[in-house]
$ cat my_file-v7.cif   # mmCIF, C-alpha atoms
data_work
#
loop_
_atom_site.label_atom_id
_atom_site.label_comp_id
_atom_site.auth_asym_id
_atom_site.auth_seq_id
_atom_site.Cartn_x
_atom_site.Cartn_y
_atom_site.Cartn_z
CA MET A 26 133.78 105.40 107.62
CA SER A 27 132.86 107.43 104.56
CA GLN A 28 130.36 106.06 102.09
CA ARG A 29 130.95 105.72 98.39
CA PRO A 30 129.10 108.44 96.46
CA SER A 31 126.90 105.90 94.70
CA SER A 32 125.58 104.61 98.02
CA ARG A 33 123.46 107.74 98.31
CA PHE A 34 121.51 106.71 95.24
CA VAL A 35 121.51 102.92 95.01
CA VAL A 36 119.08 101.12 97.31
CA ASP A 37 120.73 100.24 100.63
CA VAL A 38 121.09 96.44 100.94
CA THR A 39 122.47 96.56 104.49
CA PRO A 40 119.34 94.88 105.93
CA LEU A 41 119.86 91.90 103.63
CA ARG A 42 123.53 91.66 104.63
CA GLU A 43 123.01 91.99 108.38
CA SER A 44 119.78 90.05 108.99
CA PRO A 45 119.39 86.39 107.91
CA ARG A 46 115.76 86.51 109.06
CA PHE A 47 115.09 89.54 106.86
CA ARG A 48 116.65 87.70 103.91
CA ARG A 49 114.27 84.77 104.31
CA LEU A 50 111.32 87.09 104.85
CA TYR A 51 112.35 88.98 101.73
CA PHE A 52 112.45 85.82 99.60
CA GLY A 53 109.05 84.64 100.82
CA HIS A 54 107.51 88.03 100.17
CA SER A 55 109.01 88.16 96.68
CA LEU A 56 107.11 85.05 95.63
CA GLY A 57 103.91 86.21 97.29
CA TYR A 58 104.09 89.58 95.54
CA LEU A 59 104.70 87.90 92.18
CA GLY A 60 101.73 85.58 92.66
CA ARG A 61 99.39 88.47 93.39
CA GLU A 62 100.55 90.47 90.37
CA LEU A 63 99.78 87.59 88.01
CA THR A 64 96.09 87.85 88.88
CA THR A 65 96.15 91.64 88.72
CA VAL A 66 96.10 91.19 84.94
CA ALA A 67 94.45 87.79 84.52
CA VAL A 68 91.21 88.36 86.44
CA PRO A 69 90.19 91.78 85.00
CA TYR A 70 91.29 90.68 81.54
CA GLN A 71 89.13 87.55 81.74
CA VAL A 72 86.16 89.55 83.06
CA TYR A 73 86.48 92.02 80.18
CA LEU A 74 86.89 89.12 77.75
CA LEU A 75 83.67 87.53 78.97
CA THR A 76 81.57 90.70 79.43
CA GLU A 77 83.16 93.43 77.23
CA SER A 78 82.17 95.86 80.00
CA THR A 79 84.42 98.38 81.79
CA LEU A 80 81.73 98.62 84.47
CA ALA A 81 81.99 94.87 85.12
CA VAL A 82 85.76 95.18 85.48
CA GLY A 83 85.28 98.11 87.83
CA ALA A 84 82.77 96.08 89.86
CA LEU A 85 85.61 93.72 90.73
CA GLY A 86 86.89 96.55 92.89
CA ILE A 87 83.87 96.70 95.19
CA VAL A 88 83.69 92.90 95.38
CA GLN A 89 87.29 92.92 96.65
CA PHE A 90 86.97 96.07 98.75
CA VAL A 91 84.15 94.88 101.03
CA PRO A 92 85.80 91.67 102.32
CA LEU A 93 89.16 93.43 102.61
CA MET A 94 87.68 96.13 104.85
CA LEU A 95 85.62 93.67 106.91
CA VAL A 96 88.54 91.32 107.52
CA SER A 97 91.32 93.86 107.98
CA LEU A 98 90.40 95.03 111.48
CA VAL A 99 90.08 91.44 112.70
CA GLY A 100 93.24 90.52 110.83
CA GLY A 101 95.21 93.25 112.56
CA ALA A 102 94.01 92.08 115.98
CA VAL A 103 95.06 88.53 115.12
CA VAL A 104 98.49 89.74 113.99
CA ASP A 105 98.94 91.48 117.37
CA ALA A 106 97.88 88.32 119.22
CA VAL A 107 99.69 85.38 117.62
CA ASP A 108 102.94 84.43 115.90
CA ARG A 109 103.06 86.62 112.80
CA ARG A 110 104.92 83.91 110.90
CA LEU A 111 101.91 81.59 111.30
CA VAL A 112 99.60 84.22 109.81
CA LEU A 113 101.93 84.67 106.83
CA VAL A 114 102.25 80.95 106.09
CA VAL A 115 98.56 80.11 106.43
CA SER A 116 97.60 83.10 104.26
CA GLN A 117 99.88 81.92 101.45
CA LEU A 118 98.36 78.44 101.56
CA PHE A 119 94.79 79.73 101.30
CA LEU A 120 95.78 82.14 98.52
CA ALA A 121 97.15 79.14 96.63
CA MET A 122 93.75 77.47 96.95
CA THR A 123 91.95 80.47 95.44
CA ALA A 124 94.40 80.39 92.51
CA VAL A 125 93.65 76.70 91.93
CA GLY A 126 89.94 77.55 91.81
CA LEU A 127 90.56 80.25 89.20
CA ALA A 128 92.65 77.81 87.14
CA VAL A 129 89.90 75.16 87.20
CA ASN A 130 87.31 77.70 86.07
CA ALA A 131 89.54 79.03 83.28
CA ALA A 132 90.27 75.51 82.03
CA SER A 133 86.58 74.62 81.71
CA SER A 134 84.88 74.61 78.32
CA SER A 135 82.58 77.47 79.39
CA PRO A 136 84.29 79.65 82.02
CA ALA A 137 81.83 81.46 84.29
CA VAL A 138 82.10 85.06 85.46
CA TRP A 139 80.87 84.53 89.01
CA PRO A 140 83.89 82.48 90.22
CA LEU A 141 86.12 85.39 89.24
CA PHE A 142 84.18 87.68 91.56
CA VAL A 143 83.82 85.16 94.40
CA LEU A 144 87.43 83.97 94.43
CA SER A 145 88.77 87.50 93.99
CA GLY A 146 86.71 88.55 97.01
CA ILE A 147 88.08 85.68 99.09
CA SER A 148 91.62 86.54 98.02
CA ALA A 149 91.08 90.17 99.03
CA GLY A 150 89.75 89.06 102.40
CA LEU A 151 92.89 86.99 102.96
CA SER A 152 94.91 90.15 102.33
CA GLY A 153 93.35 91.49 105.51
CA PHE A 154 95.48 88.95 107.39
CA GLU A 155 98.52 88.71 105.14
CA GLY A 156 99.11 92.46 104.62
CA PRO A 157 99.31 93.49 108.32
CA ALA A 158 101.48 90.46 109.13
CA ARG A 159 103.86 91.34 106.29
CA MET A 160 104.23 94.98 107.34
CA SER A 161 104.51 94.21 111.05
CA ALA A 162 107.16 91.56 110.41
CA VAL A 163 109.79 94.02 109.17
CA PRO A 164 110.28 95.90 112.49
CA SER A 165 110.46 92.48 114.19
CA VAL A 166 113.61 91.51 112.27
CA LEU A 167 115.36 94.89 111.80
CA PRO A 168 116.64 97.62 114.18
CA ARG A 169 115.23 101.15 113.91
CA ARG A 170 118.28 102.48 112.05
CA LEU A 171 117.61 100.05 109.18
CA LEU A 172 113.83 100.41 108.95
CA ALA A 173 113.77 103.04 106.17
CA SER A 174 116.23 100.97 104.15
CA GLY A 175 114.25 97.81 104.89
CA PHE A 176 111.02 99.36 103.65
CA ALA A 177 112.83 100.69 100.58
CA LEU A 178 114.03 97.14 99.85
CA ASN A 179 110.51 95.84 100.43
CA GLN A 180 109.18 98.45 98.04
CA THR A 181 111.85 97.49 95.52
CA LEU A 182 110.68 93.92 95.82
CA SER A 183 107.06 94.93 95.37
CA GLU A 184 107.89 96.94 92.29
CA VAL A 185 109.91 94.12 90.72
CA ALA A 186 106.75 92.04 91.06
CA ASN A 187 104.65 94.94 89.73
CA ALA A 188 106.89 95.13 86.67
CA VAL A 189 107.52 91.45 86.03
CA GLY A 190 104.18 89.95 87.12
CA PRO A 191 101.81 91.81 84.78
CA ALA A 192 104.17 91.52 81.80
CA LEU A 193 104.62 87.80 82.48
CA ALA A 194 100.88 87.34 82.89
CA GLY A 195 100.15 89.11 79.61
CA PHE A 196 102.73 86.99 77.81
CA VAL A 197 101.49 83.68 79.28
CA ILE A 198 97.84 84.54 78.57
CA ALA A 199 98.59 85.56 74.98
CA ARG A 200 100.91 82.63 74.22
CA PHE A 201 99.43 79.88 76.36
CA SER A 202 96.29 80.25 78.49
CA LEU A 203 94.60 81.88 81.45
CA ALA A 204 94.55 78.51 83.23
CA LEU A 205 98.35 78.27 83.13
CA THR A 206 98.64 81.82 84.47
CA TYR A 207 96.52 80.94 87.49
CA GLY A 208 98.49 77.71 87.92
CA LEU A 209 101.74 79.69 88.11
CA GLN A 210 100.18 81.89 90.75
CA ALA A 211 99.26 78.88 92.90
CA PHE A 212 102.82 77.58 92.60
CA THR A 213 104.37 80.87 93.76
CA PHE A 214 102.13 80.97 96.85
CA LEU A 215 103.06 77.40 97.80
CA VAL A 216 106.79 78.08 97.51
CA ALA A 217 106.38 81.34 99.47
CA ALA A 218 104.67 79.46 102.32
CA THR A 219 107.53 76.97 102.41
CA ALA A 220 110.14 79.73 102.55
CA LEU A 221 108.39 81.62 105.36
CA ILE A 222 108.16 78.56 107.62
CA GLY A 223 111.88 78.80 108.39
CA ILE A 224 111.89 82.45 109.42
CA GLY A 225 111.42 81.72 113.13
CA THR A 226 108.72 82.89 115.51
CA MET A 227 107.63 86.52 115.45
CA ARG A 228 105.36 87.02 118.42
CA PRO A 229 104.39 90.61 119.30
CA GLU A 230 106.32 92.32 122.10
CA GLY A 231 104.89 91.42 125.49
CA GLY A 232 103.31 88.22 124.18
CA GLY A 233 100.47 89.87 122.30
CA ARG A 234 96.95 91.01 123.10
CA ALA A 235 94.03 88.58 123.00
CA VAL A 236 91.71 88.99 120.01
CA SER A 237 88.53 90.76 121.09
CA PHE A 238 86.26 93.64 120.20
CA SER A 239 88.13 95.77 122.71
CA SER A 240 91.50 94.99 121.11
CA ILE A 241 90.10 95.99 117.71
CA GLY A 242 88.74 99.16 119.28
CA GLU A 243 92.16 100.02 120.72
CA GLY A 244 93.59 100.32 117.24
CA LEU A 245 90.77 102.60 116.06
CA HIS A 246 90.98 104.68 119.23
CA TYR A 247 94.71 105.16 118.78
CA LEU A 248 94.22 106.23 115.16
CA LYS A 249 91.57 108.76 116.19
CA GLY A 250 94.17 110.85 117.96
CA GLN A 251 96.93 110.55 115.37
CA ARG A 252 96.41 113.19 112.69
CA LEU A 253 99.80 112.49 111.12
CA ILE A 254 98.90 108.86 110.45
CA GLN A 255 95.40 109.89 109.32
CA SER A 256 96.94 112.23 106.75
CA CYS A 257 99.16 109.43 105.39
CA PHE A 258 96.11 107.23 104.94
CA LEU A 259 93.99 109.96 103.37
CA ILE A 260 96.58 111.09 100.84
CA ASP A 261 97.05 107.49 99.69
CA ILE A 262 93.29 106.91 99.41
CA ASN A 263 93.06 110.10 97.35
CA ALA A 264 95.78 108.92 94.95
CA MET A 265 94.45 105.38 94.54
CA VAL A 266 90.74 106.20 94.22
CA PHE A 267 91.11 109.02 91.71
CA GLY A 268 94.49 108.43 90.11
CA MET A 269 94.54 104.66 89.58
CA PRO A 270 92.79 103.85 86.25
CA ARG A 271 93.89 100.21 86.10
CA ALA A 272 90.31 98.96 85.60
CA LEU A 273 90.46 100.69 82.21
CA PHE A 274 93.69 98.99 81.09
CA PRO A 275 91.92 96.05 79.37
CA ALA A 276 89.81 98.48 77.33
CA LEU A 277 92.73 100.86 76.72
CA GLY A 278 95.01 98.05 75.59
CA THR A 279 92.59 96.21 73.32
CA VAL A 280 90.50 99.11 71.97
CA LEU A 281 92.27 102.48 72.11
CA PHE A 282 95.77 101.07 71.58
CA ALA A 283 94.48 98.24 69.33
CA GLY A 284 96.54 95.54 71.06
CA ASP A 285 96.00 92.20 72.77
CA ALA A 286 96.70 90.63 76.18
CA THR A 287 100.39 91.49 75.82
CA THR A 288 99.53 95.21 75.46
CA VAL A 289 97.26 95.02 78.49
CA GLY A 290 100.05 93.37 80.44
CA LEU A 291 102.46 96.16 79.49
CA LEU A 292 100.02 98.80 80.74
CA TYR A 293 99.75 97.03 84.08
CA ALA A 294 103.52 96.53 84.22
CA ALA A 295 104.60 100.08 83.28
CA PRO A 296 103.98 101.69 86.71
CA GLY A 297 105.94 98.84 88.27
CA VAL A 298 108.89 99.41 85.94
CA GLY A 299 109.04 103.09 86.85
CA ALA A 300 108.61 102.27 90.51
CA LEU A 301 111.39 99.70 90.27
CA VAL A 302 113.79 102.30 88.87
CA ALA A 303 112.89 104.66 91.73
CA ALA A 304 113.20 101.90 94.32
CA VAL A 305 116.65 100.68 93.26
CA THR A 306 117.93 104.28 93.31
CA SER A 307 116.42 104.98 96.74
CA GLY A 308 119.65 104.90 98.75
CA TRP A 309 119.04 108.55 99.58
CA VAL A 310 115.80 107.94 101.53
CA SER A 311 117.44 107.29 104.90
CA GLY A 312 118.96 110.79 104.84
CA VAL A 313 115.66 112.64 104.27
CA ASN A 314 114.05 114.19 107.34
CA ARG A 315 111.29 116.26 105.66
CA ARG A 316 109.45 113.06 104.80
CA GLY A 317 105.93 114.49 104.83
CA ARG A 318 106.72 117.04 102.13
CA VAL A 319 108.17 114.32 99.94
CA VAL A 320 104.93 112.32 100.31
CA VAL A 321 102.82 115.30 99.22
CA GLY A 322 105.07 116.11 96.27
CA ALA A 323 105.18 112.51 95.10
CA VAL A 324 101.38 112.21 95.06
CA ILE A 325 101.11 115.43 93.03
CA VAL A 326 103.59 114.07 90.47
CA TRP A 327 101.55 110.84 90.32
CA GLY A 328 98.34 112.74 89.55
CA VAL A 329 99.93 114.94 86.87
CA ALA A 330 101.46 111.91 85.12
CA ILE A 331 98.13 110.05 85.10
CA ALA A 332 96.24 113.08 83.76
CA VAL A 333 98.70 113.48 80.87
CA PHE A 334 98.63 109.72 80.24
CA GLY A 335 94.91 110.05 79.65
CA VAL A 336 95.35 112.23 76.54
CA VAL A 337 98.39 110.55 74.95
CA PRO A 338 97.56 108.50 71.81
CA PHE A 339 100.93 106.75 71.48
CA LEU A 340 101.60 103.58 73.46
CA PRO A 341 105.35 104.15 74.14
CA VAL A 342 104.70 107.63 75.56
CA ALA A 343 101.75 106.32 77.55
CA LEU A 344 103.93 103.60 79.08
CA LEU A 345 106.60 106.18 79.95
CA LEU A 346 104.05 108.34 81.77
CA LEU A 347 102.78 105.34 83.70
CA GLY A 348 106.39 104.67 84.64
CA VAL A 349 106.77 108.22 86.00
CA ALA A 350 103.59 107.73 88.03
CA GLY A 351 104.90 104.47 89.43
CA ALA A 352 108.21 106.08 90.40
CA ALA A 353 106.36 108.79 92.33
CA ASP A 354 104.17 106.20 94.02
CA VAL A 355 107.08 104.15 95.33
CA ILE A 356 108.70 107.19 96.94
CA SER A 357 105.40 108.08 98.61
CA ALA A 358 104.98 104.50 99.83
CA VAL A 359 108.47 104.23 101.34
CA PHE A 360 108.02 107.36 103.43
CA ARG A 361 104.42 106.63 104.42
CA ASN A 362 105.41 103.15 105.62
CA THR A 363 108.37 104.53 107.55
CA ILE A 364 106.27 107.24 109.22
CA LEU A 365 103.68 104.65 110.24
CA GLN A 366 106.09 102.08 111.65
CA LEU A 367 108.19 104.64 113.55
CA THR A 368 105.12 106.31 115.05
CA VAL A 369 103.16 103.26 116.21
CA PRO A 370 104.24 101.13 119.22
CA ASP A 371 104.90 97.44 118.48
CA SER A 372 101.92 96.29 120.53
CA LEU A 373 99.64 98.14 118.10
CA ARG A 374 101.56 97.62 114.87
CA GLY A 375 99.39 94.76 113.65
CA ARG A 376 96.16 96.67 114.15
CA LEU A 377 97.42 99.92 112.61
CA SER A 378 99.10 97.96 109.82
CA SER A 379 95.75 96.30 109.15
CA ILE A 380 94.15 99.70 108.65
CA HIS A 381 97.07 100.67 106.44
CA ALA A 382 96.69 97.43 104.48
CA ALA A 383 93.00 98.18 104.03
CA VAL A 384 93.87 101.65 102.73
CA VAL A 385 96.62 100.41 100.40
CA GLY A 386 94.57 97.45 99.18
CA GLY A 387 91.14 99.05 99.29
CA GLY A 388 92.01 102.34 97.61
CA PRO A 389 92.87 100.81 94.22
CA ARG A 390 89.74 98.66 94.36
CA LEU A 391 87.55 101.70 94.95
CA GLY A 392 89.54 103.33 92.17
CA ASP A 393 88.58 100.44 89.89
CA LEU A 394 84.92 101.12 90.58
CA GLU A 395 85.32 104.89 90.17
CA ALA A 396 87.26 104.61 86.91
CA GLY A 397 84.97 101.97 85.42
CA ALA A 398 81.78 103.82 86.36
CA VAL A 399 82.98 107.22 85.09
CA ALA A 400 84.17 105.63 81.84
CA ALA A 401 80.79 103.91 81.40
CA VAL A 402 78.85 107.20 81.60
CA THR A 403 81.41 109.45 79.87
CA SER A 404 84.47 108.05 78.08
CA ILE A 405 87.61 106.12 78.90
CA ARG A 406 89.93 109.07 78.38
CA PHE A 407 87.76 111.48 80.38
CA SER A 408 87.77 109.03 83.28
CA VAL A 409 91.58 108.88 83.30
CA VAL A 410 92.17 112.64 82.95
CA SER A 411 89.56 113.71 85.49
CA GLY A 412 90.93 111.20 87.98
CA GLY A 413 94.47 112.55 87.66
CA VAL A 414 93.30 116.13 88.17
CA ALA A 415 91.25 115.11 91.22
CA CYS A 416 94.32 113.37 92.64
CA VAL A 417 96.40 116.57 92.43
CA LEU A 418 93.67 118.68 94.04
CA GLY A 419 93.20 116.10 96.77
CA ALA A 420 96.90 116.06 97.65
CA ILE A 421 96.93 119.84 97.96
CA ALA A 422 93.85 119.68 100.20
CA VAL A 423 95.42 117.08 102.50
CA ALA A 424 98.60 119.17 102.83
CA ARG A 425 96.46 122.21 103.63
CA TYR A 426 94.16 120.65 106.23
CA PHE A 427 96.75 118.32 107.79
CA PRO A 428 99.79 120.54 108.45
CA GLU A 429 101.16 117.71 110.62
CA LEU A 430 102.11 115.89 107.43
CA TRP A 431 103.66 118.90 105.68
CA ARG A 432 105.70 119.81 108.77
CA TYR A 433 106.73 116.28 109.73
CA ARG A 434 110.45 115.63 110.05
CA ASP A 435 112.47 112.76 111.51
CA GLU A 436 115.30 114.28 113.53
CA GLU A 437 117.21 110.96 113.52
CA ALA A 438 117.36 110.79 109.69
#

$ encode --input "my_file-v7.cif" --output "C-alpha cells"
Amino acid sequence: MSQRPSSRFVVDVTPLRESPRFRRLYFGHSLGYLGRELTTVAVPYQVYLLTESTLAVGALGIVQFVPLMLVSLVGGAVVDAVDRRLVLVVSQLFLAMTAVGLAVNAASSSPAVWPLFVLSGISAGLSGFEGPARMSAVPSVLPRRLLASGFALNQTLSEVANAVGPALAGFVIARFSLALTYGLQAFTFLVAATALIGIGTMRPEGGGRAVSFSSIGEGLHYLKGQRLIQSCFLIDINAMVFGMPRALFPALGTVLFAGDATTVGLLYAAPGVGALVAAVTSGWVSGVNRRGRVVVGAVIVWGVAIAVFGVVPFLPVALLLLGVAGAADVISAVFRNTILQLTVPDSLRGRLSSIHAAVVGGGPRLGDLEAGAVAAVTSIRFSVVSGGVACVLGAIAVARYFPELWRYRDEEA
C-alpha cells in the first residue's frame, strides 16, 4: 500500500493506533513531562529572585547532578529486576511529594533558599529511577518496526511539555504565585501515577536480574566495549554542558531583555516550541539509515544557533534562534534513542537506559553550573557564545575520534 506524501513528514502515529498499552503509557508520560517542566522555570526563577546570583542558579545544577548520577546506576539495575510499571508509578508519587514541599516553602511568609536545593536534589535522584523505566518501557510495548516512530512520538510529547510547561509556569508565576505553580506540578504527577497503574505489568525479558553490585557492573562492562553507544553519550554531554545556557535565562529575561517572569518562561519555552515543530514533522525519521551523521549534524546546528543567540539583542529573534536549537536537539535525541534501544539487549536496557538518563539529565545540570560560573567571572553574553562555539567544536571532535557514529547505518530503515 502506498503512503500519502504527507506521511513522510508528519509524525507517524501508528504506535498510538496499534498499541493500547503505548497509548496509556503515552498519556501518563505526558503528565509527568509537563510536571517536570513547570519546575524547570519555577525553581531557578525563585532562586534568582531570592539571591540575584547567576552562580547560585548554576549551583542548582551540581546539586541535581550528584544525586542523579549516584542513583542512576542503581535505578537501572532496579528497572532490569522488577516490574517497570511499579517503578514508574512509585516515582510519580514521590515526585508529587517533592512538589508539595516546594509549594509549602513558596507559600510561607519568608521562603528559604535551602529547600529549593534539597528538594530539587531529591527530585533529580528520583529521575534516576523514573528515566530508565520510561525509556525501557517503550520497547516493551512496541515491535521493532515501530520503535523509531514510537521514540519520535515520545520526543514530540516531551517537546510539547517543553513548550507548554515553561510558558505556563511563567504565566502562572507572573499572574498568580510560585506556590500555585508547584501545586499544579504535584497534581500532574498524581494523575500520571493513576494513569500508569493501568498499563499492565512490564517485567524484563527472562524475569529480570537481581539487583546487586555485579548486575550494576554488567551494565558498565557492556558499555565499555560499545564505542557507538559511548559516542552517542559523549556528543549529547558535549551539547548539554557547553550549549545549554538555561541557567542564564532568569538573568537574560529580567535584565538584558528587561522583562519579567513571563519573559523568562518564554526563553525556557522557545527551544521546546522549535523542537515540537521538528517532532511533529518527523515522519521521515523511520526511512533514514545514516542516523549517526544526522546526530552529528544536528548537534552542530544546535551549537551554531546558541552562539548566535548569545549576541542577538532582540527578544523575538532570540526566541527564534532558541527554537532552531530545540528543533536540532529533538532530531538528535530521536536518533540517539533509537540507536541505543536497537543496540542493547532487553536484559540490559534498564541499566544502559539509566546511564543514558544520567547523561540526558546530568548534562544540562552540569551545563547550568558551567554557564553560571562563566557568566559570573566574565559576562552573560560571553558565557552563551563561548558555550555554543565549544559545542560545535566538540561535535566535530566526537565525529573524528568515534568513526563508529559517523559511519553508523541501520540497514532495516

$ residues_around --input "my_file-v7.cif" --residues "Leu193 in chain A" --least-positions-apart "4" --cutoff "12 Å" --atoms "all atoms listed in the file" --output "MDAnalysis selection string"
chainID A and resid 59:60 62:67 185:189 197:203 205:207 209:210 286:291 293:294

$ write_last_selection --input "my_file-v7.cif" --atoms "C-alpha atoms" --output "short mmCIF file (atom, residue, chain, number, x, y, z; two decimals), keeping the file's coordinate frame"
data_model
loop_
_atom_site.label_atom_id
_atom_site.label_comp_id
_atom_site.auth_asym_id
_atom_site.auth_seq_id
_atom_site.Cartn_x
_atom_site.Cartn_y
_atom_site.Cartn_z
CA LEU A 59 104.70 87.90 92.18
CA GLY A 60 101.73 85.58 92.66
CA GLU A 62 100.55 90.47 90.37
CA LEU A 63 99.78 87.59 88.01
CA THR A 64 96.09 87.85 88.88
CA THR A 65 96.15 91.64 88.72
CA VAL A 66 96.10 91.19 84.94
CA ALA A 67 94.45 87.79 84.52
CA VAL A 185 109.91 94.12 90.72
CA ALA A 186 106.75 92.04 91.06
CA ASN A 187 104.65 94.94 89.73
CA ALA A 188 106.89 95.13 86.67
CA VAL A 189 107.52 91.45 86.03
CA VAL A 197 101.49 83.68 79.28
CA ILE A 198 97.84 84.54 78.57
CA ALA A 199 98.59 85.56 74.98
CA ARG A 200 100.91 82.63 74.22
CA PHE A 201 99.43 79.88 76.36
CA SER A 202 96.29 80.25 78.49
CA LEU A 203 94.60 81.88 81.45
CA LEU A 205 98.35 78.27 83.13
CA THR A 206 98.64 81.82 84.47
CA TYR A 207 96.52 80.94 87.49
CA LEU A 209 101.74 79.69 88.11
CA GLN A 210 100.18 81.89 90.75
CA ALA A 286 96.70 90.63 76.18
CA THR A 287 100.39 91.49 75.82
CA THR A 288 99.53 95.21 75.46
CA VAL A 289 97.26 95.02 78.49
CA GLY A 290 100.05 93.37 80.44
CA LEU A 291 102.46 96.16 79.49
CA TYR A 293 99.75 97.03 84.08
CA ALA A 294 103.52 96.53 84.22
#

$ residues_around --input "my_file-v7.cif" --residues "Arg61 in chain A" --least-positions-apart "5" --cutoff "12 Å" --atoms "all atoms listed in the file" --output "number ranges by chain"
A: 54-56, 66-68, 117, 120-121, 123-124, 145, 148-149, 151-152, 155-156, 183, 186-187, 189-191, 194, 206-207, 209-214, 217, 386

$ closest_residue --input "my_file-v7.cif" --among "A:Arg315, A:Arg228, A:Arg390, A:Arg169" --to "Pro69 in chain A" --atoms "all atoms listed in the file"
A:Arg390

$ residues_around --input "my_file-v7.cif" --residues "Asp393 in chain A" --least-positions-apart "3" --cutoff "12 Å" --atoms "all atoms listed in the file" --output "ChimeraX atom specification"
/A:65,69,79-90,265-275,386-390,396-400,408-409,412

$ closest_residue --input "my_file-v7.cif" --among "A:Leu111, A:Leu281, A:Ala352, A:Ala264" --to "Gly419 in chain A" --atoms "all atoms listed in the file"
A:Ala264

$ resolve_selection --input "my_file-v7.cif" --expression "the PyMOL selection byres ((chain A and resi 433) around 7)" --output "list of chain:residue names"
A:Arg315, A:Arg316, A:Gly317, A:Glu429, A:Leu430, A:Trp431, A:Arg432, A:Arg434, A:Asp435

$ atom_distance --input "my_file-v7.cif" --atom1 "CA of Phe52 in chain A" --atom2 "CA of Phe258 in chain A"
27.5 Å

$ resolve_selection --input "my_file-v7.cif" --expression "the PyMOL selection byres ((chain A and resi 334) around 9)" --output "VMD selection string"
chain A and resid 329 to 333 335 to 338 342 to 347 406 409 to 410 413

$ resolve_selection --input "my_file-v7.cif" --expression "the PyMOL selection byres ((chain A and resi 325) around 8)" --output "ChimeraX atom specification"
/A:321-324,326-329,416-417,420-421

$ write_last_selection --input "my_file-v7.cif" --atoms "C-alpha atoms" --output "compact mmCIF listing (two decimals), in the coordinates of the input"
# COMPACT_ATOMS: atom_id res chain seq x y z
CA VAL A 321 102.82 115.30 99.22
CA GLY A 322 105.07 116.11 96.27
CA ALA A 323 105.18 112.51 95.10
CA VAL A 324 101.38 112.21 95.06
CA VAL A 326 103.59 114.07 90.47
CA TRP A 327 101.55 110.84 90.32
CA GLY A 328 98.34 112.74 89.55
CA VAL A 329 99.93 114.94 86.87
CA CYS A 416 94.32 113.37 92.64
CA VAL A 417 96.40 116.57 92.43
CA ALA A 420 96.90 116.06 97.65
CA ILE A 421 96.93 119.84 97.96

$ closest_residue --input "my_file-v7.cif" --among "A:Ile260, A:Ala204, A:Val319, A:Val72" --to "Ser133 in chain A" --atoms "all atoms listed in the file"
A:Ala204

$ closest_residue --input "my_file-v7.cif" --among "A:Leu93, A:Leu253, A:Ala132, A:Ala218" --to "Leu367 in chain A" --atoms "all atoms listed in the file"
A:Leu253

$ closest_residue --input "my_file-v7.cif" --among "A:Leu340, A:Ala220, A:Val298, A:Ile262" --to "Arg110 in chain A" --atoms "all atoms listed in the file"
A:Ala220

$ atom_distance --input "my_file-v7.cif" --atom1 "CA of Ala300 in chain A" --atom2 "CA of Tyr58 in chain A"
14.4 Å

$ closest_residue --input "my_file-v7.cif" --among "A:Ser78, A:Val112, A:Val384, A:Ile222" --to "Val402 in chain A" --atoms "all atoms listed in the file"
A:Ser78

$ residues_around --input "my_file-v7.cif" --residues "Leu172 in chain A" --least-positions-apart "6" --cutoff "9 Å" --atoms "all atoms listed in the file" --output "PyMOL selection string"
chain A and resi 40+163-164+311+363+366-367

$ write_last_selection --input "my_file-v7.cif" --atoms "C-alpha atoms" --output "mmCIF file, in the coordinates of the input"
data_model
loop_
_atom_site.group_PDB
_atom_site.id
_atom_site.type_symbol
_atom_site.label_atom_id
_atom_site.label_comp_id
_atom_site.auth_asym_id
_atom_site.auth_seq_id
_atom_site.Cartn_x
_atom_site.Cartn_y
_atom_site.Cartn_z
ATOM 1 C CA PRO A 40 119.340 94.880 105.930
ATOM 2 C CA VAL A 163 109.790 94.020 109.170
ATOM 3 C CA PRO A 164 110.280 95.900 112.490
ATOM 4 C CA SER A 311 117.440 107.290 104.900
ATOM 5 C CA THR A 363 108.370 104.530 107.550
ATOM 6 C CA GLN A 366 106.090 102.080 111.650
ATOM 7 C CA LEU A 367 108.190 104.640 113.550
#

$ atom_distance --input "my_file-v7.cif" --atom1 "CA of Ala162 in chain A" --atom2 "CA of Gly57 in chain A"
14.5 Å

$ residues_around --input "my_file-v7.cif" --residues "Thr39 in chain A" --least-positions-apart "2" --cutoff "10 Å" --atoms "all atoms listed in the file" --output "JSON, numbers by chain"
{"A": [36, 37, 41, 42, 43, 44, 171, 174, 175, 178]}

$ write_last_selection --input "my_file-v7.cif" --atoms "C-alpha atoms" --output "PDB file, keeping the file's coordinate frame"
ATOM      1  CA  VAL A  36     119.080 101.120  97.310  1.00  0.00           C
ATOM      2  CA  ASP A  37     120.730 100.240 100.630  1.00  0.00           C
ATOM      3  CA  LEU A  41     119.860  91.900 103.630  1.00  0.00           C
ATOM      4  CA  ARG A  42     123.530  91.660 104.630  1.00  0.00           C
ATOM      5  CA  GLU A  43     123.010  91.990 108.380  1.00  0.00           C
ATOM      6  CA  SER A  44     119.780  90.050 108.990  1.00  0.00           C
ATOM      7  CA  LEU A 171     117.610 100.050 109.180  1.00  0.00           C
ATOM      8  CA  SER A 174     116.230 100.970 104.150  1.00  0.00           C
ATOM      9  CA  GLY A 175     114.250  97.810 104.890  1.00  0.00           C
ATOM     10  CA  LEU A 178     114.030  97.140  99.850  1.00  0.00           C
TER      11      LEU A 178
END

$ axis_aligned_box --input "my_file-v7.cif" --around "range 355-368 of chain A" --padding-each-side "8 Å" --output "lines of an AutoDock Vina configuration file"
center_x = 106.2
center_y = 105.1
center_z = 105.2
size_x = 21.0
size_y = 22.0
size_z = 35.7
